[in-house]
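Pasted below: query34.cif, mmCIF, C-alpha atoms and all ligand atoms.
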```
data_run
loop_
_atom_site.label_atom_id
_atom_site.label_comp_id
_atom_site.auth_asym_id
_atom_site.auth_seq_id
_atom_site.Cartn_x
_atom_site.Cartn_y
_atom_site.Cartn_z
CA MET A 38 -8.26 73.38 31.52
CA HIS A 39 -5.87 72.68 34.38
CA SER A 40 -6.87 74.19 37.68
CA ASP A 41 -4.79 74.50 40.84
CA ARG A 42 -6.96 71.72 42.19
CA ASP A 43 -6.10 69.39 39.28
CA THR A 44 -2.42 70.17 39.78
CA LEU A 45 -2.58 69.38 43.51
CA PHE A 46 -4.35 66.04 42.97
CA GLN A 47 -1.99 65.12 40.12
CA ASN A 48 1.02 65.82 42.37
CA LEU A 49 -0.56 63.83 45.20
CA TRP A 50 -1.23 60.91 42.83
CA ASP A 51 2.30 60.93 41.37
CA ASN A 52 3.82 60.94 44.85
CA TYR A 53 1.43 58.19 46.05
CA ARG A 54 1.99 55.84 43.11
CA GLU A 55 5.75 55.98 43.62
CA VAL A 56 5.30 53.97 46.83
CA THR A 57 2.06 52.17 45.92
CA PRO A 58 2.76 50.05 42.82
CA LYS A 59 -0.42 47.97 43.37
CA ALA A 60 -2.60 51.06 43.13
CA GLU A 61 -1.10 51.94 39.79
CA GLU A 62 -1.64 48.36 38.52
CA ILE A 63 -5.25 48.25 39.75
CA HIS A 64 -5.89 51.70 38.30
CA ARG A 65 -4.73 50.32 34.94
CA ILE A 66 -6.80 47.11 35.27
CA LEU A 67 -9.99 49.01 36.16
CA GLY A 68 -9.29 51.63 33.50
CA GLY A 69 -9.01 48.79 30.99
CA THR A 70 -12.57 47.67 31.78
CA GLN A 71 -13.95 50.98 30.53
CA GLY A 72 -12.98 53.52 27.93
CA SER A 73 -12.77 56.44 30.33
CA GLU A 74 -11.01 57.84 33.35
CA ILE A 75 -11.30 56.38 36.84
CA VAL A 76 -12.99 58.93 39.10
CA ASN A 77 -11.73 59.39 42.66
CA ASP A 78 -14.26 59.38 45.49
CA HIS A 79 -11.79 60.70 48.05
CA ILE A 80 -8.23 60.75 49.28
CA ALA A 81 -7.00 60.61 52.87
CA LEU A 82 -4.19 62.36 54.73
CA ARG A 83 -2.79 61.78 58.21
CA THR A 84 -1.05 64.02 60.73
CA PHE A 85 -0.44 64.75 64.43
CA ASN A 86 -2.66 67.13 66.44
CA LEU A 87 0.28 69.40 67.39
CA ASP A 88 -0.42 73.02 66.38
CA LYS A 89 2.26 73.34 63.74
CA VAL A 90 0.98 70.43 61.63
CA SER A 91 -2.58 69.88 62.87
CA LEU A 92 -5.56 68.68 60.83
CA SER A 93 -6.64 72.31 60.34
CA LYS A 94 -3.22 73.22 58.87
CA LEU A 95 -3.58 70.48 56.26
CA ALA A 96 -7.21 71.43 55.67
CA GLU A 97 -6.22 75.03 54.91
CA HIS A 98 -4.71 73.85 51.60
CA PHE A 99 -8.15 72.57 50.57
CA ILE A 100 -10.13 75.50 52.04
CA GLN A 101 -8.09 77.76 49.74
CA LEU A 102 -9.32 75.67 46.81
CA GLY A 103 -12.97 76.16 47.80
CA TYR A 104 -13.51 73.08 49.95
CA THR A 105 -15.75 73.24 53.01
CA GLU A 106 -15.98 71.15 56.14
CA GLY A 107 -18.29 68.13 56.14
CA GLY A 108 -18.53 65.77 59.11
CA GLU A 109 -16.25 64.97 62.03
CA TYR A 110 -15.36 61.51 63.33
CA HIS A 111 -13.97 60.16 66.61
CA PHE A 112 -11.86 57.01 67.01
CA GLU A 113 -11.64 56.28 70.72
CA ALA A 114 -9.52 53.12 70.63
CA LYS A 115 -7.04 54.35 68.01
CA LYS A 116 -6.96 57.82 69.65
CA LEU A 117 -7.62 59.66 66.40
CA TYR A 118 -9.88 62.48 65.30
CA ALA A 119 -10.90 63.20 61.71
CA LYS A 120 -12.92 65.55 59.52
CA HIS A 121 -13.92 65.36 55.91
CA PHE A 122 -13.99 68.18 53.39
CA GLU A 123 -15.99 68.45 50.21
CA HIS A 124 -16.35 70.77 47.24
CA GLU A 125 -19.47 72.02 45.46
CA ASP A 126 -17.99 70.69 42.21
CA PRO A 127 -19.17 67.04 42.28
CA THR A 128 -16.11 65.94 40.27
CA ALA A 129 -13.75 67.11 43.08
CA PRO A 130 -12.57 64.21 45.27
CA LYS A 131 -13.63 64.47 48.89
CA VAL A 132 -10.80 64.72 51.43
CA PHE A 133 -10.59 62.79 54.72
CA ILE A 134 -8.02 64.19 57.17
CA SER A 135 -7.22 62.56 60.50
CA GLU A 136 -4.87 63.50 63.33
CA LEU A 137 -3.27 61.52 66.16
CA LEU A 138 -4.37 62.66 69.64
CA THR A 139 -0.75 62.80 70.75
CA GLU A 140 -1.38 63.70 74.42
CA LYS A 141 -3.35 60.48 74.94
CA PHE A 142 -0.21 58.35 74.46
CA SER A 143 2.78 57.51 76.66
CA PRO A 144 5.37 60.19 77.55
CA GLU A 145 7.86 58.27 75.34
CA LEU A 146 5.64 58.42 72.27
CA GLN A 147 4.82 62.08 72.92
CA LYS A 148 8.51 62.93 73.13
CA ILE A 149 9.28 61.20 69.83
CA VAL A 150 6.39 62.93 68.07
CA HIS A 151 7.34 66.36 69.45
CA GLU A 152 10.94 65.83 68.30
CA MET A 153 9.76 64.96 64.80
CA VAL A 154 7.37 67.89 64.53
CA ASP A 155 10.07 70.26 65.87
CA GLN A 156 12.04 69.47 62.71
CA VAL A 157 9.21 70.73 60.43
CA SER A 158 9.57 74.39 59.47
CA GLU A 159 6.51 76.69 59.65
CA GLU A 160 7.10 77.67 56.00
CA ALA A 161 7.09 74.03 54.88
CA VAL A 162 3.55 73.61 56.20
CA THR A 163 2.07 76.40 54.09
CA ALA A 164 4.16 75.65 50.98
CA ASP A 165 2.22 74.40 47.93
CA ASN A 166 3.96 71.02 48.07
CA PHE A 167 3.42 70.30 51.78
CA LEU A 168 0.70 67.69 51.30
CA TYR A 169 3.05 65.51 49.26
CA SER A 170 6.36 66.45 50.92
CA GLY A 171 6.91 63.21 52.88
CA THR A 172 8.91 63.29 56.11
CA HIS A 173 10.64 66.36 57.52
CA TRP A 174 12.48 64.48 60.26
CA LYS A 175 15.14 61.88 60.93
CA VAL A 176 13.89 58.68 62.57
CA ASP A 177 15.83 55.47 63.11
CA TYR A 178 14.36 52.00 62.72
CA ASP A 179 14.21 51.28 66.47
CA THR A 180 12.18 54.45 67.02
CA TYR A 181 9.79 53.36 64.25
CA LYS A 182 9.36 49.99 65.98
CA LYS A 183 8.84 51.65 69.36
CA LEU A 184 6.03 53.76 67.87
CA LEU A 185 4.60 50.64 66.23
CA ASP A 186 4.16 49.03 69.67
CA GLU A 187 1.80 51.82 70.69
CA SER A 188 0.24 53.14 67.50
CA GLU A 189 0.49 51.76 63.98
CA TYR A 190 -0.72 55.20 62.81
CA ALA A 191 2.11 57.05 64.60
CA ALA A 192 4.67 54.65 63.13
CA TRP A 193 3.22 55.07 59.63
CA MET A 194 3.45 58.86 59.99
CA ALA A 195 7.06 58.63 61.18
CA ALA A 196 8.01 56.58 58.13
CA TRP A 197 5.94 58.25 55.39
CA GLY A 198 4.93 61.72 56.60
CA TYR A 199 2.86 63.98 54.39
CA ARG A 200 1.44 62.20 51.36
CA ALA A 201 -1.91 60.73 50.31
CA ASN A 202 -2.36 57.65 52.46
CA HIS A 203 -4.80 56.31 49.88
CA PHE A 204 -6.79 57.24 46.82
CA THR A 205 -10.31 55.82 46.49
CA VAL A 206 -12.03 54.69 43.32
CA SER A 207 -15.64 55.84 42.96
CA VAL A 208 -17.40 52.53 42.19
CA ASN A 209 -20.55 54.52 41.32
CA GLN A 210 -18.67 55.84 38.31
CA LEU A 211 -17.21 52.53 37.09
CA LYS A 212 -19.06 51.64 33.89
CA ASN A 213 -18.98 47.84 34.14
CA PHE A 214 -19.44 47.17 37.85
CA LYS A 215 -22.71 47.49 39.75
CA THR A 216 -21.66 46.22 43.17
CA LEU A 217 -18.61 46.38 45.40
CA GLU A 218 -18.62 42.54 45.50
CA GLU A 219 -17.91 42.51 41.76
CA VAL A 220 -14.96 44.87 42.16
CA ASN A 221 -13.61 42.85 45.10
CA GLN A 222 -13.93 39.62 43.11
CA LEU A 223 -11.91 41.06 40.22
CA LEU A 224 -9.20 42.22 42.65
CA LYS A 225 -9.01 38.80 44.31
CA ASP A 226 -8.96 37.05 40.92
CA GLU A 227 -6.01 39.28 40.04
CA GLY A 228 -4.24 38.17 43.23
CA TYR A 229 -4.62 41.24 45.45
CA THR A 230 -5.16 40.92 49.20
CA LEU A 231 -8.10 42.84 50.59
CA ASN A 232 -8.37 44.26 54.08
CA SER A 233 -10.72 41.79 55.78
CA SER A 234 -10.86 43.47 59.20
CA GLY A 235 -14.57 43.61 60.01
CA GLY A 236 -15.33 41.87 56.68
CA GLU A 237 -14.15 42.68 53.17
CA ILE A 238 -17.01 45.15 52.76
CA LYS A 239 -17.31 47.81 55.41
CA GLY A 240 -20.67 49.56 55.76
CA SER A 241 -24.01 48.77 54.14
CA PRO A 242 -26.68 50.26 51.88
CA GLU A 243 -28.50 51.36 55.08
CA GLU A 244 -25.43 53.36 56.10
CA LEU A 245 -25.37 54.75 52.54
CA LEU A 246 -21.71 53.83 52.03
CA GLU A 247 -19.90 50.58 51.28
CA GLN A 248 -16.10 50.49 51.23
CA SER A 249 -13.30 48.00 50.65
CA SER A 250 -9.54 48.38 50.35
CA THR A 251 -6.36 46.55 49.49
CA MET A 252 -3.79 45.89 52.18
CA ALA A 253 -0.99 48.46 51.80
CA ASP A 254 1.93 47.70 49.52
CA LYS A 255 5.15 46.82 51.31
CA VAL A 256 8.11 48.83 50.08
CA GLU A 257 11.57 49.72 51.20
CA VAL A 258 11.97 52.90 53.20
CA ARG A 259 15.19 54.55 54.30
CA PHE A 260 15.39 55.24 58.04
CA SER A 261 18.29 57.30 59.41
CA ASP A 262 20.32 54.17 60.25
CA GLN A 263 19.07 51.47 57.85
CA THR A 264 16.47 50.57 55.26
CA ALA A 265 13.48 48.33 55.99
CA THR A 266 10.49 47.00 54.05
CA ILE A 267 7.26 48.20 55.65
CA PRO A 268 3.62 48.94 54.67
CA SER A 269 3.22 52.10 52.58
CA CYS A 270 -0.13 53.09 51.09
CA PHE A 271 -3.29 51.30 49.93
CA TYR A 272 -6.11 51.67 47.39
CA GLU A 273 -9.77 51.96 48.40
CA PHE A 274 -13.10 51.41 46.61
CA ALA A 275 -16.30 53.19 47.63
CA LEU A 276 -19.93 52.79 46.58
CA ARG A 277 -22.32 55.51 47.75
CA TYR A 278 -26.11 55.30 48.00
CA PRO A 279 -28.66 58.12 47.61
CA LYS A 280 -30.17 59.86 50.62
CA ALA A 281 -33.93 60.54 50.85
CA ASP A 282 -33.40 63.73 48.80
CA GLY A 283 -31.95 61.71 45.92
CA HIS A 284 -28.38 63.03 46.30
CA LEU A 285 -25.60 60.55 47.04
CA TYR A 286 -24.48 60.46 50.67
CA SER A 287 -21.22 62.42 50.88
CA GLY A 288 -20.08 61.63 54.42
CA PHE A 289 -18.05 58.83 55.97
CA VAL A 290 -18.98 56.10 58.47
CA ALA A 291 -16.80 56.09 61.60
CA ALA A 292 -17.18 52.33 62.28
CA SER A 293 -16.04 51.57 58.72
CA ALA A 294 -13.23 54.12 58.74
CA ASP A 295 -11.95 52.54 61.95
CA LYS A 296 -11.32 49.33 59.98
CA ILE A 297 -10.00 51.07 56.85
CA PHE A 298 -7.20 52.58 58.99
CA GLU A 299 -5.97 49.01 59.50
CA SER A 300 -5.09 48.70 55.80
CA THR A 301 -1.59 49.88 56.73
CA ASP A 302 -1.13 47.15 59.36
CA ALA A 303 1.75 44.82 58.57
CA GLY A 304 -0.50 41.74 58.85
CA MET A 305 0.92 38.27 58.45
C1 LIG B 401 -8.13 56.86 56.76
C2 LIG B 401 -9.09 55.72 57.05
C3 LIG B 401 -10.55 56.10 56.87
C4 LIG B 401 -12.36 56.06 55.03
O1 LIG B 401 -12.61 56.15 53.82
O2 LIG B 401 -13.23 55.79 55.88
C5 LIG B 401 -10.95 56.26 55.44
C6 LIG B 401 -6.69 56.48 56.85
O3 LIG B 401 -6.35 55.29 56.79
O4 LIG B 401 -5.86 57.39 56.95
O5 LIG B 401 -10.20 56.53 54.58
NI NI B 402 -10.83 56.28 52.66
#
```
Hey, can you dump this file as structure tokens for me?
Ligand code: OOG
Ligand code: NI
Amino acid sequence: MHSDRDTLFQNLWDNYREVTPKAEEIHRILGGTQGSEIVNDHIALRTFNLDKVSLSKLAEHFIQLGYTEGGEYHFEAKKLYAKHFEHEDPTAPKVFISELLTEKFSPELQKIVHEMVDQVSEEAVTADNFLYSGTHWKVDYDTYKKLLDESEYAAWMAAWGYRANHFTVSVNQLKNFKTLEEVNQLLKDEGYTLNSSGGEIKGSPEELLEQSSTMADKVEVRFSDQTATIPSCFYEFALRYPKADGHLYSGFVAASADKIFESTDAGM
């Protein structure tokens, strides 16, 4: 049976794989190691904290599908705030939504962000397709680079807008891998570059969550004045450990998330 939830995640996946060819390849490679579907641990979305498009506006799409709020996370240096949402159905991917604390940046950055968000219509935000609707604004390449000087996150939002920033494979539900090291080794053997900020594996069994991710694909995007090849989206891998009550930990770890954000950095 296809639920509204399945439809939303399928649309998010289709939109994501269009700009993330590596994720589709890795999905196929991992799928080939087992005779069944890859299960998603979570997806992540980004936005700005301006009322029209705030974290809570994105979250509303998931609340309507029966999701409830989990934890909240603060990122002082990157000037971001995030919450995660989960569903009582254990097969539903968790959702991590972050927002840029716009007012903490320079007047120039704030002006650019306000001008972008002004171009989003109120109706677009509540429309069924909003979470995979991309950009609603015109931005030229110089403006993208100006944002990049201050916030990689703001620049990524300007270029890519509303779409899943990453999908995350549930390593717990891979049939032929017991550890995240084994998954990472396969990815490296296949030639993929992992995010090594803070180490290839973020988190630990003590923190009840271990995560790794690829560096984002680099694909061509059309700015208002020219095209440019920039980081798009990445693929993540998560292994969760049981809490004292025997249930798998369902939250996130701020120190690890802080490094995962850097998967969209341009790097070398
Ligand atoms: C989210 C980064 C954090 C996690 O699993 O901790 C994250 C992002 O890059 O938008 O996904
Ligand atoms: Ni993630």
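Between ligand LIG 401 (chain B) and the residues A:Lys183, A:His203, A:Arg277, A:His39, the shortest atom-to-atom distance, using only C-alpha atoms and all ligand atoms, involves A:His203.
Put simply, atom CA of A:Met252 is 29.4 Å away from atom CA of A:Asp165.
Near ligand LIG 401 (chain B), at distances of 8 Å or less and with all atoms listed in the file counted, sit the residues His79, Ile80, Ala81, Leu82, Arg83, Phe133, Ile134, Ser135, Asn202, His203, Thr205, Gln248, Glu273, Ala275, Phe289, Val290, Ala291, Ser293, Ala294, Asp295, Lys296, Ile297, Phe298, Glu299, Ser300 and Thr301 of chain A.
Closest approach to A:Val258 among A:Leu231, A:Val220, A:Ala196, A:Ile238: A:Ala196, based on all atoms listed in the file.
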* To do: Extract, using all atoms listed in the file, all DNA, RNA and protein residues at most 9 Å from A:Ala191, discarding same-chain residues fewer than 6 positions from it, and format them as a ChimeraX atom specification.
  => /A:84-85,137,139,146,150,181,184-185
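Nearest residue to A:Val176 among A:Thr264, A:Asp226, A:Gly108, A:Arg200 is A:Thr264, counting all atoms listed in the file.
Going from atom CA of A:Asn52 over to atom CA of A:Ala201, you cover 7.9 Å.
Using all atoms listed in the file, the protein and nucleic acid residues lying no more than 12 Å from A:Glu227, apart from those fewer than 3 places from it along its own chain, are Lys59, Glu62, Ile63, Ile66, Leu67, Val220, Asn221, Gln222, Leu223, Leu224, Thr230, Leu231 and Thr251 of chain A.
When only C-alpha atoms and all ligand atoms are used to measure the gap to ligand NI 402 (chain B), the shortest distance among A:Lys131, A:Lys280, A:Arg42, A:Lys225 belongs to A:Lys131.
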* Excluding same-chain residues fewer than 5 positions from A:Glu136, what lies within 12 Å of it counting all atoms listed in the file, as a PyMOL selection string? -> chain A and resi 81-88+90-96+109-112+115-121+190-191+194+199+298
Write out N, CA and C atoms for stretch 239-261 of chain A, as a PDB file, keeping the file's coordinate frame.
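As a result, part_26.pdb now contains:
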```pdb
ATOM      1  N   LYS A 239     -16.967  47.039  54.222  1.00  0.00           N
ATOM      2  CA  LYS A 239     -17.310  47.810  55.410  1.00  0.00           C
ATOM      3  C   LYS A 239     -18.524  48.672  55.074  1.00  0.00           C
ATOM      4  N   GLY A 240     -19.483  48.748  56.005  1.00  0.00           N
ATOM      5  CA  GLY A 240     -20.670  49.560  55.760  1.00  0.00           C
ATOM      6  C   GLY A 240     -21.723  48.772  55.018  1.00  0.00           C
ATOM      7  N   SER A 241     -22.849  49.443  54.729  1.00  0.00           N
ATOM      8  CA  SER A 241     -24.010  48.770  54.140  1.00  0.00           C
ATOM      9  C   SER A 241     -24.849  49.799  53.390  1.00  0.00           C
ATOM     10  N   PRO A 242     -25.777  49.314  52.557  1.00  0.00           N
ATOM     11  CA  PRO A 242     -26.680  50.260  51.880  1.00  0.00           C
ATOM     12  C   PRO A 242     -27.432  51.139  52.896  1.00  0.00           C
ATOM     13  N   GLU A 243     -27.790  50.570  54.054  1.00  0.00           N
ATOM     14  CA  GLU A 243     -28.500  51.360  55.080  1.00  0.00           C
ATOM     15  C   GLU A 243     -27.643  52.508  55.580  1.00  0.00           C
ATOM     16  N   GLU A 244     -26.334  52.276  55.649  1.00  0.00           N
ATOM     17  CA  GLU A 244     -25.430  53.360  56.100  1.00  0.00           C
ATOM     18  C   GLU A 244     -25.053  54.284  54.947  1.00  0.00           C
ATOM     19  N   LEU A 245     -25.540  53.944  53.758  1.00  0.00           N
ATOM     20  CA  LEU A 245     -25.370  54.750  52.540  1.00  0.00           C
ATOM     21  C   LEU A 245     -23.941  54.757  51.986  1.00  0.00           C
ATOM     22  N   LEU A 246     -23.090  53.904  52.534  1.00  0.00           N
ATOM     23  CA  LEU A 246     -21.710  53.830  52.030  1.00  0.00           C
ATOM     24  C   LEU A 246     -21.155  52.432  52.264  1.00  0.00           C
ATOM     25  N   GLU A 247     -20.622  51.846  51.182  1.00  0.00           N
ATOM     26  CA  GLU A 247     -19.900  50.580  51.280  1.00  0.00           C
ATOM     27  C   GLU A 247     -18.473  50.830  50.809  1.00  0.00           C
ATOM     28  N   GLN A 248     -17.505  50.256  51.539  1.00  0.00           N
ATOM     29  CA  GLN A 248     -16.100  50.490  51.230  1.00  0.00           C
ATOM     30  C   GLN A 248     -15.305  49.193  51.330  1.00  0.00           C
ATOM     31  N   SER A 249     -14.276  49.075  50.493  1.00  0.00           N
ATOM     32  CA  SER A 249     -13.300  48.000  50.650  1.00  0.00           C
ATOM     33  C   SER A 249     -11.935  48.578  50.302  1.00  0.00           C
ATOM     34  N   SER A 250     -10.877  47.866  50.669  1.00  0.00           N
ATOM     35  CA  SER A 250      -9.540  48.380  50.350  1.00  0.00           C
ATOM     36  C   SER A 250      -8.554  47.233  50.251  1.00  0.00           C
ATOM     37  N   THR A 251      -7.464  47.501  49.537  1.00  0.00           N
ATOM     38  CA  THR A 251      -6.360  46.550  49.490  1.00  0.00           C
ATOM     39  C   THR A 251      -5.568  46.697  50.790  1.00  0.00           C
ATOM     40  N   MET A 252      -4.780  45.678  51.130  1.00  0.00           N
ATOM     41  CA  MET A 252      -3.790  45.890  52.180  1.00  0.00           C
ATOM     42  C   MET A 252      -2.663  46.716  51.537  1.00  0.00           C
ATOM     43  N   ALA A 253      -2.037  47.579  52.323  1.00  0.00           N
ATOM     44  CA  ALA A 253      -0.990  48.460  51.800  1.00  0.00           C
ATOM     45  C   ALA A 253       0.123  47.647  51.123  1.00  0.00           C
ATOM     46  N   ASP A 254       0.712  48.242  50.104  1.00  0.00           N
ATOM     47  CA  ASP A 254       1.930  47.700  49.520  1.00  0.00           C
ATOM     48  C   ASP A 254       2.998  47.638  50.597  1.00  0.00           C
ATOM     49  N   LYS A 255       4.010  46.792  50.401  1.00  0.00           N
ATOM     50  CA  LYS A 255       5.150  46.820  51.310  1.00  0.00           C
ATOM     51  C   LYS A 255       6.372  47.224  50.494  1.00  0.00           C
ATOM     52  N   VAL A 256       6.972  48.320  50.852  1.00  0.00           N
ATOM     53  CA  VAL A 256       8.110  48.830  50.080  1.00  0.00           C
ATOM     54  C   VAL A 256       9.243  49.247  51.019  1.00  0.00           C
ATOM     55  N   GLU A 257      10.388  49.392  50.413  1.00  0.00           N
ATOM     56  CA  GLU A 257      11.570  49.720  51.200  1.00  0.00           C
ATOM     57  C   GLU A 257      11.583  51.213  51.537  1.00  0.00           C
ATOM     58  N   VAL A 258      11.856  51.501  52.794  1.00  0.00           N
ATOM     59  CA  VAL A 258      11.970  52.900  53.200  1.00  0.00           C
ATOM     60  C   VAL A 258      13.325  53.079  53.882  1.00  0.00           C
ATOM     61  N   ARG A 259      13.884  54.258  53.724  1.00  0.00           N
ATOM     62  CA  ARG A 259      15.190  54.550  54.300  1.00  0.00           C
ATOM     63  C   ARG A 259      15.018  55.251  55.643  1.00  0.00           C
ATOM     64  N   PHE A 260      15.358  54.588  56.724  1.00  0.00           N
ATOM     65  CA  PHE A 260      15.390  55.240  58.040  1.00  0.00           C
ATOM     66  C   PHE A 260      16.776  55.861  58.198  1.00  0.00           C
ATOM     67  N   SER A 261      17.004  56.592  59.298  1.00  0.00           N
ATOM     68  CA  SER A 261      18.290  57.300  59.410  1.00  0.00           C
ATOM     69  C   SER A 261      19.463  56.333  59.541  1.00  0.00           C
TER      70      SER A 261
END
```
